[in-house]
file work.txt (compact mmCIF, C-alpha atoms)
# COMPACT_ATOMS: atom_id res chain seq x y z
CA MET X 1 0.00 0.00 0.00
CA LYS X 2 3.02 2.32 0.15
CA GLU X 3 2.53 3.31 -3.53
CA LEU X 4 -1.06 4.31 -2.74
CA ARG X 5 0.05 6.42 0.21
CA ARG X 6 2.71 8.19 -1.84
CA HIS X 7 0.14 8.78 -4.58
CA ILE X 8 -2.49 10.22 -2.20
CA GLU X 9 0.15 12.36 -0.47
CA GLU X 10 0.93 14.08 -3.77
CA ILE X 11 -2.43 15.83 -3.18
CA ILE X 12 -3.15 15.74 0.58
CA GLN X 13 -1.05 15.17 3.69
CA LEU X 14 -1.98 12.27 5.96
CA THR X 15 -1.07 11.26 9.49
CA GLU X 16 -0.03 7.68 10.20
CA SER X 17 -3.40 6.88 11.78
CA GLU X 18 -5.34 8.51 8.95
CA PHE X 19 -3.55 6.34 6.39
CA GLU X 20 -4.09 3.23 8.52
CA LEU X 21 -7.83 3.95 8.44
CA ILE X 22 -7.81 4.75 4.70
CA ALA X 23 -5.92 1.54 3.88
CA THR X 24 -8.72 -0.57 5.40
CA TYR X 25 -11.01 0.47 2.52
CA PHE X 26 -8.67 -0.85 -0.20
CA THR X 27 -7.77 -4.37 -1.34
CA GLU X 28 -4.75 -5.37 -3.40
CA ARG X 29 -5.20 -7.85 -6.24
CA LYS X 30 -2.85 -9.36 -8.79
CA PHE X 31 -3.80 -10.20 -12.36
CA LYS X 32 -1.94 -12.02 -15.13
CA ARG X 33 -1.34 -10.66 -18.62
CA GLY X 34 -4.51 -11.29 -20.64
CA ASP X 35 -6.82 -11.28 -17.58
CA TYR X 36 -9.93 -9.13 -17.55
CA VAL X 37 -10.27 -6.77 -14.58
CA VAL X 38 -13.59 -5.40 -15.88
CA ARG X 39 -15.58 -7.24 -18.54
CA GLN X 40 -18.14 -5.86 -20.99
CA GLY X 41 -21.65 -7.02 -19.91
CA ILE X 42 -20.74 -7.65 -16.25
CA LYS X 43 -21.62 -5.30 -13.35
CA VAL X 44 -18.79 -3.00 -12.29
CA ASP X 45 -18.28 -2.82 -8.54
CA HIS X 46 -14.77 -1.37 -8.29
CA THR X 47 -12.42 1.32 -9.44
CA PHE X 48 -8.72 0.41 -9.73
CA PHE X 49 -5.42 2.09 -8.92
CA VAL X 50 -2.49 0.59 -10.86
CA VAL X 51 0.47 -0.23 -8.59
CA GLU X 52 2.45 -2.05 -11.26
CA GLY X 53 1.69 -3.18 -14.80
CA MET X 54 -0.41 -1.97 -17.68
CA MET X 55 -4.05 -2.38 -18.70
CA LYS X 56 -6.11 -1.19 -21.65
CA LEU X 57 -9.68 0.09 -21.50
CA ILE X 58 -11.40 -1.29 -24.59
CA PHE X 59 -14.73 -1.55 -26.35
CA ASP X 60 -15.50 -4.51 -28.59
CA ASP X 61 -18.06 -3.46 -31.20
CA GLU X 62 -20.68 -5.75 -32.75
CA SER X 63 -18.36 -6.74 -35.57
CA GLY X 64 -15.78 -7.86 -33.00
CA LYS X 65 -13.43 -4.94 -33.65
CA GLU X 66 -11.60 -3.71 -30.57
CA HIS X 67 -11.35 0.04 -29.85
CA ILE X 68 -8.86 1.27 -27.22
CA LEU X 69 -10.09 4.20 -25.12
CA SER X 70 -7.03 4.44 -22.88
CA PHE X 71 -3.97 2.74 -21.46
CA ALA X 72 -3.74 2.59 -17.67
CA MET X 73 -0.26 2.23 -16.18
CA GLU X 74 1.38 2.89 -12.80
CA ASN X 75 -0.35 5.62 -10.71
CA TRP X 76 -3.46 5.68 -12.90
CA TRP X 77 -7.03 5.08 -11.78
CA GLU X 78 -9.24 3.34 -14.28
CA THR X 79 -12.60 1.64 -14.59
CA ASP X 80 -15.76 1.91 -16.72
CA TYR X 81 -16.82 5.06 -14.85
CA LEU X 82 -20.38 5.17 -16.19
CA ALA X 83 -21.01 1.58 -15.08
CA PHE X 84 -19.21 2.10 -11.74
CA HIS X 85 -21.12 5.24 -10.78
CA LYS X 86 -24.51 4.23 -12.24
CA ARG X 87 -24.29 0.66 -10.87
CA THR X 88 -24.78 -0.92 -14.27
CA GLN X 89 -23.12 -3.54 -16.47
CA ALA X 90 -19.87 -2.55 -18.14
CA THR X 91 -20.03 -1.37 -21.73
CA MET X 92 -16.21 -1.55 -21.82
CA SER X 93 -13.56 -4.02 -20.66
CA LEU X 94 -10.35 -3.44 -18.74
CA LYS X 95 -7.75 -6.03 -19.82
CA CYS X 96 -4.17 -6.57 -18.64
CA LEU X 97 -1.40 -6.05 -21.20
CA GLU X 98 1.19 -7.08 -18.56
CA ASP X 99 1.02 -8.92 -15.23
CA THR X 100 -0.67 -6.19 -13.19
CA THR X 101 -1.09 -5.36 -9.49
CA VAL X 102 -4.01 -3.08 -8.68
CA ILE X 103 -5.52 -1.66 -5.53
CA CYS X 104 -9.32 -1.97 -5.64
CA LEU X 105 -11.93 0.31 -4.11
CA SER X 106 -15.59 -0.74 -4.17
CA PHE X 107 -18.42 1.70 -4.95
CA GLU X 108 -19.72 1.36 -1.39
CA ASP X 109 -16.29 1.93 0.14
CA TYR X 110 -15.62 4.88 -2.16
CA HIS X 111 -18.60 6.65 -0.57
CA ASN X 112 -17.90 5.35 2.94
CA LEU X 113 -14.30 6.52 2.73
CA CYS X 114 -15.29 10.02 1.56
CA ALA X 115 -17.76 10.23 4.46
CA ALA X 116 -15.20 8.96 7.00
CA VAL X 117 -12.18 11.00 5.85
CA SER X 118 -13.33 14.25 4.25
CA LYS X 119 -9.81 14.98 2.94
CA MET X 120 -10.28 11.99 0.63
CA GLU X 121 -13.18 13.80 -1.02
CA HIS X 122 -10.70 16.54 -1.88
CA PHE X 123 -8.30 13.92 -3.25
CA PHE X 124 -10.98 12.29 -5.42
CA LEU X 125 -12.16 15.70 -6.63
CA ASN X 126 -8.61 16.36 -7.80
CA LYS X 127 -8.48 12.96 -9.57
CA ALA X 128 -11.95 13.30 -11.16
CA THR X 129 -10.99 16.76 -12.41
CA SER X 130 -7.75 15.41 -13.91
CA GLY X 131 -9.71 12.59 -15.54
CA HIS X 132 -12.25 15.03 -16.95
CA LEU X 133 -9.68 17.38 -18.41
CA ALA X 134 -7.59 14.54 -19.87
CA SER X 135 -10.75 13.22 -21.54
CA GLN X 136 -11.57 16.69 -22.89
CA GLN X 137 -8.06 16.78 -24.43
CA ARG X 138 -8.52 13.31 -25.95
CA ILE X 139 -11.83 14.41 -27.54
CA LEU X 140 -10.08 17.48 -28.93
CA SER X 141 -7.29 15.33 -30.33
CA LEU X 142 -9.75 12.86 -31.92
CA LEU X 143 -11.70 15.73 -33.52
CA ALA X 144 -8.94 18.06 -34.61
CA SER X 145 -5.54 16.36 -34.86
CA THR X 146 -4.11 14.32 -37.68
CA ALA X 147 -2.99 10.76 -36.96
CA GLN X 148 0.62 11.92 -37.18
CA GLU X 149 0.06 14.72 -34.64
CA ARG X 150 -1.68 12.27 -32.27
CA TYR X 151 1.22 9.81 -32.58
CA PHE X 152 3.95 12.38 -31.86
CA LYS X 153 1.98 13.87 -28.95
CA LEU X 154 1.48 10.41 -27.43
CA ILE X 155 5.15 9.41 -27.57
CA HIS X 156 6.13 12.87 -26.29
CA ASN X 157 3.78 12.61 -23.27
CA TYR X 158 4.33 8.89 -22.58
CA PRO X 159 7.73 7.88 -24.01
CA SER X 160 7.63 4.50 -22.24
CA LEU X 161 4.44 3.47 -24.06
CA THR X 162 6.22 2.60 -27.31
CA LYS X 163 8.44 0.15 -25.40
CA ARG X 164 5.60 -1.47 -23.43
CA VAL X 165 2.78 -1.59 -25.97
CA SER X 166 2.77 -3.33 -29.36
CA LYS X 167 2.45 -1.32 -32.54
CA SER X 168 -0.96 -2.79 -33.28
CA GLN X 169 -2.21 -1.68 -29.83
CA LEU X 170 -0.83 1.82 -30.37
CA ALA X 171 -2.40 1.95 -33.83
CA SER X 172 -5.79 0.97 -32.37
CA TYR X 173 -5.53 3.69 -29.68
CA LEU X 174 -4.63 6.30 -32.29
CA GLY X 175 -7.32 5.16 -34.72
CA LEU X 176 -4.69 4.31 -37.36
CA SER X 177 -3.97 1.30 -39.49
CA ARG X 178 -0.90 -0.76 -38.51
CA GLU X 179 0.67 0.22 -41.86
CA THR X 180 0.25 3.97 -41.31
CA LEU X 181 1.80 3.67 -37.84
CA SER X 182 4.79 1.78 -39.29
CA ARG X 183 5.35 4.63 -41.75
CA LEU X 184 5.33 7.11 -38.84
CA TYR X 185 7.86 4.97 -36.93
CA LYS X 186 10.20 4.98 -39.91
CA GLY X 187 9.90 8.75 -40.35
CA LYS X 188 10.87 9.38 -36.73
CA MET S 1 -29.43 32.67 -8.27
CA LYS S 2 -32.50 30.46 -7.65
CA GLU S 3 -31.57 28.19 -10.60
CA LEU S 4 -28.12 27.66 -9.05
CA ARG S 5 -29.65 26.79 -5.67
CA ARG S 6 -32.09 24.30 -7.23
CA HIS S 7 -29.19 22.79 -9.21
CA ILE S 8 -26.91 22.43 -6.16
CA GLU S 9 -29.79 21.01 -4.09
CA GLU S 10 -30.18 18.16 -6.56
CA ILE S 11 -26.97 16.85 -4.95
CA ILE S 12 -26.72 18.37 -1.44
CA GLN S 13 -29.18 20.01 0.94
CA LEU S 14 -28.49 23.58 2.05
CA THR S 15 -29.82 25.82 4.79
CA GLU S 16 -30.86 29.38 3.97
CA SER S 17 -27.70 30.81 5.54
CA GLU S 18 -25.45 28.27 3.80
CA PHE S 19 -26.84 29.28 0.41
CA GLU S 20 -26.52 32.97 1.27
CA LEU S 21 -22.82 32.38 1.93
CA ILE S 22 -22.37 30.23 -1.21
CA ALA S 23 -24.08 32.84 -3.41
CA THR S 24 -21.45 35.44 -2.46
CA TYR S 25 -18.85 33.46 -4.44
CA PHE S 26 -20.78 33.59 -7.72
CA THR S 27 -21.47 36.41 -10.19
CA GLU S 28 -24.19 36.46 -12.83
CA ARG S 29 -23.31 37.70 -16.32
CA LYS S 30 -25.31 38.10 -19.51
CA PHE S 31 -23.90 37.55 -22.99
CA LYS S 32 -25.36 38.13 -26.46
CA ARG S 33 -25.55 35.55 -29.23
CA GLY S 34 -22.13 35.45 -30.92
CA ASP S 35 -20.24 36.66 -27.84
CA TYR S 36 -17.19 34.77 -26.61
CA VAL S 37 -17.28 33.71 -22.94
CA VAL S 38 -13.85 32.02 -23.20
CA ARG S 39 -11.51 32.80 -26.09
CA GLN S 40 -8.69 30.66 -27.51
CA GLY S 41 -5.33 32.24 -26.52
CA ILE S 42 -6.67 34.17 -23.52
CA LYS S 43 -6.22 33.12 -19.86
CA VAL S 44 -9.20 31.30 -18.37
CA ASP S 45 -10.18 32.55 -14.92
CA HIS S 46 -13.73 31.20 -14.59
CA THR S 47 -15.98 28.20 -14.91
CA PHE S 48 -19.58 28.85 -15.98
CA PHE S 49 -22.98 27.51 -15.01
CA VAL S 50 -25.61 28.08 -17.71
CA VAL S 51 -28.82 29.62 -16.31
CA GLU S 52 -30.42 30.26 -19.69
CA GLY S 53 -29.20 29.98 -23.27
CA MET S 54 -26.78 27.83 -25.20
CA MET S 55 -23.05 27.92 -25.85
CA LYS S 56 -20.65 25.77 -27.85
CA LEU S 57 -17.15 24.73 -26.79
CA ILE S 58 -15.02 24.89 -29.93
CA PHE S 59 -11.50 24.55 -31.23
CA ASP S 60 -10.39 26.49 -34.31
CA ASP S 61 -7.55 24.61 -35.99
CA GLU S 62 -4.71 26.21 -37.95
CA SER S 63 -6.62 26.03 -41.21
CA GLY S 64 -9.48 27.96 -39.59
CA LYS S 65 -11.80 24.94 -39.38
CA GLU S 66 -14.03 24.89 -36.31
CA HIS S 67 -14.44 21.68 -34.27
CA ILE S 68 -17.27 21.47 -31.71
CA LEU S 69 -16.39 19.58 -28.52
CA SER S 70 -19.70 20.12 -26.76
CA PHE S 71 -22.88 22.15 -26.47
CA ALA S 72 -23.58 23.69 -23.07
CA MET S 73 -27.20 24.49 -22.27
CA GLU S 74 -29.27 25.11 -19.12
CA ASN S 75 -27.87 23.42 -15.96
CA TRP S 76 -24.52 22.63 -17.56
CA TRP S 77 -21.11 23.69 -16.32
CA GLU S 78 -18.57 24.44 -19.00
CA THR S 79 -15.15 25.98 -19.52
CA ASP S 80 -11.76 25.01 -20.97
CA TYR S 81 -11.00 22.82 -17.95
CA LEU S 82 -7.31 22.32 -18.68
CA ALA S 83 -6.73 26.09 -18.94
CA PHE S 84 -8.95 26.80 -15.90
CA HIS S 85 -7.24 24.30 -13.60
CA LYS S 86 -3.68 24.78 -14.90
CA ARG S 87 -4.00 28.61 -15.01
CA THR S 88 -3.05 28.80 -18.68
CA GLN S 89 -4.36 30.35 -21.87
CA ALA S 90 -7.41 28.72 -23.45
CA THR S 91 -6.83 26.28 -26.29
CA MET S 92 -10.61 26.31 -26.90
CA SER S 93 -13.31 28.96 -27.09
CA LEU S 94 -16.76 29.06 -25.51
CA LYS S 95 -19.14 30.98 -27.78
CA CYS S 96 -22.83 31.82 -27.35
CA LEU S 97 -25.26 30.30 -29.85
CA GLU S 98 -28.13 32.19 -28.14
CA ASP S 99 -28.34 35.14 -25.75
CA THR S 100 -26.99 33.43 -22.64
CA THR S 101 -27.05 34.07 -18.89
CA VAL S 102 -24.30 32.34 -16.92
CA ILE S 103 -23.24 32.26 -13.30
CA CYS S 104 -19.44 32.61 -13.06
CA LEU S 105 -17.09 31.14 -10.47
CA SER S 106 -13.43 32.19 -10.46
CA PHE S 107 -10.58 29.72 -9.91
CA GLU S 108 -9.73 31.39 -6.61
CA ASP S 109 -13.34 31.36 -5.42
CA TYR S 110 -13.78 27.73 -6.50
CA HIS S 111 -11.05 26.77 -4.02
CA ASN S 112 -12.15 29.28 -1.37
CA LEU S 113 -15.73 28.02 -1.57
CA CYS S 114 -14.67 24.37 -1.21
CA ALA S 115 -12.59 25.32 1.84
CA ALA S 116 -15.42 27.39 3.40
CA VAL S 117 -18.32 24.97 2.72
CA SER S 118 -17.05 21.39 2.61
CA LYS S 119 -20.40 20.14 1.26
CA MET S 120 -19.58 22.05 -1.93
CA GLU S 121 -16.54 19.83 -2.42
CA HIS S 122 -18.95 16.89 -2.48
CA PHE S 123 -21.11 18.76 -5.01
CA PHE S 124 -18.14 19.53 -7.29
CA LEU S 125 -16.89 15.93 -6.99
CA ASN S 126 -20.28 14.80 -8.25
CA LYS S 127 -20.11 17.27 -11.17
CA ALA S 128 -16.48 16.45 -12.07
CA THR S 129 -17.36 12.75 -12.04
CA SER S 130 -20.35 13.38 -14.34
CA GLY S 131 -18.14 15.41 -16.64
CA HIS S 132 -15.50 12.68 -16.71
CA LEU S 133 -17.93 9.88 -17.48
CA ALA S 134 -19.75 11.93 -20.14
CA SER S 135 -16.37 12.61 -21.78
CA GLN S 136 -15.48 8.89 -21.61
CA GLN S 137 -18.77 8.14 -23.43
CA ARG S 138 -18.05 10.80 -26.08
CA ILE S 139 -14.58 9.26 -26.71
CA LEU S 140 -16.23 5.85 -27.06
CA SER S 141 -18.75 7.26 -29.49
CA LEU S 142 -16.06 9.00 -31.58
CA LEU S 143 -14.01 5.79 -31.72
CA ALA S 144 -16.67 3.16 -32.20
CA SER S 145 -19.97 4.56 -33.48
CA THR S 146 -20.98 5.35 -37.01
CA ALA S 147 -22.09 8.89 -37.82
CA GLN S 148 -25.68 7.64 -38.03
CA GLU S 149 -25.51 6.03 -34.57
CA ARG S 150 -24.02 9.23 -33.11
CA TYR S 151 -26.79 11.31 -34.67
CA PHE S 152 -29.65 9.13 -33.38
CA LYS S 153 -28.10 8.89 -29.91
CA LEU S 154 -27.71 12.68 -29.76
CA ILE S 155 -31.31 13.45 -30.71
CA HIS S 156 -32.52 10.72 -28.34
CA ASN S 157 -30.56 12.15 -25.39
CA TYR S 158 -31.10 15.83 -26.22
CA PRO S 159 -34.27 16.14 -28.34
CA SER S 160 -34.33 19.93 -27.96
CA LEU S 161 -30.91 20.29 -29.63
CA THR S 162 -32.24 19.82 -33.17
CA LYS S 163 -34.63 22.75 -32.61
CA ARG S 164 -32.04 25.07 -31.05
CA VAL S 165 -28.92 24.30 -33.08
CA SER S 166 -28.45 24.65 -36.85
CA LYS S 167 -27.77 21.59 -38.98
CA SER S 168 -24.26 22.77 -39.77
CA GLN S 169 -23.48 23.07 -36.05
CA LEU S 170 -24.86 19.58 -35.39
CA ALA S 171 -22.87 18.21 -38.34
CA SER S 172 -19.67 19.74 -36.95
CA TYR S 173 -20.31 18.23 -33.48
CA LEU S 174 -20.95 14.81 -35.01
CA GLY S 175 -17.95 15.04 -37.35
CA LEU S 176 -20.21 14.75 -40.40
CA SER S 177 -20.60 16.74 -43.58
CA ARG S 178 -23.70 18.93 -43.82
CA GLU S 179 -24.89 16.75 -46.73
CA THR S 180 -24.61 13.48 -44.78
CA LEU S 181 -26.58 15.00 -41.90
CA SER S 182 -29.31 16.14 -44.30
CA ARG S 183 -29.65 12.57 -45.57
CA LEU S 184 -30.03 11.34 -41.96
CA TYR S 185 -32.73 13.97 -41.32
CA LYS S 186 -34.71 12.80 -44.37
CA GLY S 187 -34.42 9.16 -43.34
CA LYS S 188 -35.84 9.86 -39.87

call {"tool": "encode", "arguments": {"input": "work.txt", "output": "structure tokens"}}
result
Amino acid sequence: MKELRRHIEEIIQLTESEFELIATYFTERKFKRGDYVVRQGIKVDHTFFVVEGMMKLIFDDESGKEHILSFAMENWWETDYLAFHKRTQATMSLKCLEDTTVICLSFEDYHNLCAAVSKMEHFFLNKATSGHLASQQRILSLLASTAQERYFKLIHNYPSLTKRVSKSQLASYLGLSRETLSRLYKGK
Amino acid sequence: MKELRRHIEEIIQLTESEFELIATYFTERKFKRGDYVVRQGIKVDHTFFVVEGMMKLIFDDESGKEHILSFAMENWWETDYLAFHKRTQATMSLKCLEDTTVICLSFEDYHNLCAAVSKMEHFFLNKATSGHLASQQRILSLLASTAQERYFKLIHNYPSLTKRVSKSQLASYLGLSRETLSRLYKGK
């Protein structure tokens, strides 16, 4: 849980006893590469903090084509937020691209924790705001950037991604064909 | 300010004196159709709650083409969130499609208000979460839905939009040509 404490303390300061209380709301789980953490069609009870590893948030359309909404790596929170907050079945899946350790927080405990430790509401407000503005930027990039601009922005912001994620996964995230991405790689 | 009170009380209950205090942090402003509330390149100091009217959040690319990220109508909060929270110049503009009345909250007062009335932190967490999950759905729709699916979903969720927004504005939001949208209208 030390990664979680460090992560929370980037936003709010905690005493030893406050963190001891906070830690009781979280559960660590380990998944293998290829495992589903959230699965399309199944109720979503948890949100996940990535301690180590990498997951992808995906949507499989009716034709079976996979669309990648985001990659979630160390220090990221991810889940199907609509399904988590509205208590419904997932419309997306969260799948491990590497062996992954996450810290899980249930919907019930998310609300209980905010009620018990009001500082945590401030922490989650900060995280929800970051999530919202990152999503707004991704919408902007999908609407207004060329594939080449999206590719160079991605490797600029997350240089480790190209080492950890296959070209076909990157192409899917960028909305490119595998061939177009290969041309961009060569032109680097 | 009664619309703001009703809106906040959908999430949290307030006493008369609590709302009197909260109201001191907000300022009402009126804009005319065509006015800019936020302008690309200019620092963003406020977030806006729409009391009456309609705005569009847009990005003008280098070629001068306008991309519509969202429409903001009654009971919506909107701004360039990255610029607002990071204290930078706007990369997007917020422009009135109708005469619009907004209630403004400055960055400083947003934080002062949360510190003074902790219930408001809960309210803003709820709003940031809604904004994040709506953005996640818009990303999904941009990645995985056809133009026709996006159109029918939009008019299903916001039936009043087709009456208040021109076809060319709707086409821009959906990422369609004006001609394709006209064909969808006829096929309704």

call {"tool": "residues_around", "arguments": {"input": "work.txt", "residues": "range 74-85 of chain X", "least_positions_apart": "6", "cutoff": "7 Å", "atoms": "only C-alpha atoms", "output": "list in words"}}
result
His7, Val44, Asp45, His46, Thr47, Phe48, Phe49, Val50, Val51, Glu52, Gly53, Met92, Leu94 and Phe107 of chain X; Leu133 of chain S

call {"tool": "write_last_selection", "arguments": {"input": "work.txt", "atoms": "C-alpha atoms", "output": "PDB file, in the coordinates of the input"}}
result
ATOM      1  CA  HIS X   7       0.140   8.780  -4.580  1.00  0.00           C
ATOM      2  CA  VAL X  44     -18.790  -3.000 -12.290  1.00  0.00           C
ATOM      3  CA  ASP X  45     -18.280  -2.820  -8.540  1.00  0.00           C
ATOM      4  CA  HIS X  46     -14.770  -1.370  -8.290  1.00  0.00           C
ATOM      5  CA  THR X  47     -12.420   1.320  -9.440  1.00  0.00           C
ATOM      6  CA  PHE X  48      -8.720   0.410  -9.730  1.00  0.00           C
ATOM      7  CA  PHE X  49      -5.420   2.090  -8.920  1.00  0.00           C
ATOM      8  CA  VAL X  50      -2.490   0.590 -10.860  1.00  0.00           C
ATOM      9  CA  VAL X  51       0.470  -0.230  -8.590  1.00  0.00           C
ATOM     10  CA  GLU X  52       2.450  -2.050 -11.260  1.00  0.00           C
ATOM     11  CA  GLY X  53       1.690  -3.180 -14.800  1.00  0.00           C
ATOM     12  CA  MET X  92     -16.210  -1.550 -21.820  1.00  0.00           C
ATOM     13  CA  LEU X  94     -10.350  -3.440 -18.740  1.00  0.00           C
ATOM     14  CA  PHE X 107     -18.420   1.700  -4.950  1.00  0.00           C
TER      15      PHE X 107
ATOM     16  CA  LEU S 133     -17.930   9.880 -17.480  1.00  0.00           C
TER      17      LEU S 133
END

call {"tool": "atom_distance", "arguments": {"input": "work.txt", "atom1": "CA of Lys186 in chain X", "atom2": "CA of Ala144 in chain S"}}
result
28.0 Å

call {"tool": "interface_residues", "arguments": {"input": "work.txt", "of": "chain S", "to": "chain X", "cutoff": "6 Å", "atoms": "only C-alpha atoms", "output": "NGL selection string"}}
result
:S and (81-82 or 125 or 128-129 or 131-133 or 135 or 139)

call {"tool": "closest_residue", "arguments": {"input": "work.txt", "among": "S:Leu4, S:Leu57, S:Cys104, S:Val165", "to": "Lys30 in chain S", "atoms": "all atoms listed in the file"}}
result
S:Cys104

call {"tool": "atom_distance", "arguments": {"input": "work.txt", "atom1": "CA of Val38 in chain S", "atom2": "CA of Ile155 in chain S"}}
result
26.6 Å

call {"tool": "atom_distance", "arguments": {"input": "work.txt", "atom1": "CA of Gln13 in chain S", "atom2": "CA of His111 in chain X"}}
result
17.1 Å

call {"tool": "residues_near_point", "arguments": {"input": "work.txt", "point": "(-1.7, -6.2, -23.9)", "cutoff": "12 Å", "atoms": "all atoms listed in the file", "output": "number ranges by chain"}}
result
X: 32-36, 53-58, 68, 70-73, 94-100, 161, 164-170, 172
